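J.: Before anything else, here's the structure in question.
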Amino acid sequence: RAIHMINLILFGPPGSGKGTQAIKLVEKYNLLHISTGDLFRYEMGNNTPLGLEAKSYIEKGQLVPDSVTIGMLKNKVDSNPDVSGYIFDGFPRTINQAEALDSLLAEKKLVIDKLLSLKVEDDEIVKRILHRGKTSGRADDNDASIIQNRINVYKQETSPVFDYYAKAGKSVLVEGMGDIDEIFERLNAEVHAI
Ligand code: ADP
């Protein structure tokens, strides 16, 4: 693989600050930010068939089926080959997605270098998402029971992805409480340790 290529997964529960930190990491390391949540919102905004399908799951706080999500992610990666690395945000969210990502990267002779998991308490998550909901216009950010469902899905289906990459020695837990720059410095320290 190219010496300077860095491929990261930014991981953690909904509302843990992945999007916020991804923007800062992209700026610093010149990576391509791929957020499956943002890709779905773009498709929904344009009322595409993919967007309409995704919407029926997202508005309930459920995961969009792997077949749809993996296809969309693969398109995005394939259409952006000349980058100095990728930062995956909100993907993979299932073991199946993690295996698909590893194969997709392997075909390109690439690997995930590190999974950075932001650790934030449940109460704080709910607070942050409801706060974001006031301005985000996201239906899934405005309803406490939908938010709770997203947290449950994270615990049941997504958190095993941490263990999956931990087996390869790639997962690190980073304290996600505190101010934005402080958290960014913790993430930087982990990127420098690659
Ligand atoms: P958050 O910032 O709360 O983690 P995202 O913007 O990443 O939320 O995702 C919003 C919604 O989009 C998720 O609740 C889920 O329904 C859907 N989604 C995003 N990424 C994936 C994925 N990798 N697999 C399945 N569904 C996804």
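Letters A, B, ... go to the chains of the structure tokens in the order shown; residues in each chain start at 1; ligands are counted from 1 in the same order.
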As a quick test: using only C-alpha atoms and all ligand atoms, which residues lie no more than 8 Å away from ligand 1? Give them as an NGL selection string.
T.: :A and (12-19 or 35-38 or 40-41 or 54-55 or 57-66 or 69-70 or 89-94 or 97 or 129 or 140-141 or 150)
J.: Please identify all polymer residues within 12 Å of segment 159-166 of chain A, counting only C-alpha atoms, omitting same-chain residues fewer than 4 positions from it, and present them as an NGL selection string.
T.: :A and (8-14 or 90-99 or 101-102 or 111-119 or 151-155 or 170-173)
J.: Let me make sure I understand: among A:Asn149, A:Asn30, A:Ser103, A:Ser67, which one has the smallest atom-to-atom distance to Val83 of chain A if we use only C-alpha atoms?
T.: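 Checking each candidate against Val83 of chain A, we get A:Asn30 as the closest.
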J.: In Å, with one decimal, what is the gap from atom CA of Leu32 of chain A to atom CA of Ser84 of chain A?
T.: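 Between atom CA of Leu32 of chain A and atom CA of Ser84 of chain A the gap is 7.6 Å.
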J.: Can you tell me which residues surround Leu50 of chain A at a distance of at most 8 Å, considering only C-alpha atoms, apart from same-chain residues fewer than 5 positions away, and format the answer as an MDAnalysis selection string?
T.: chainID A and resid 40 43:44 68
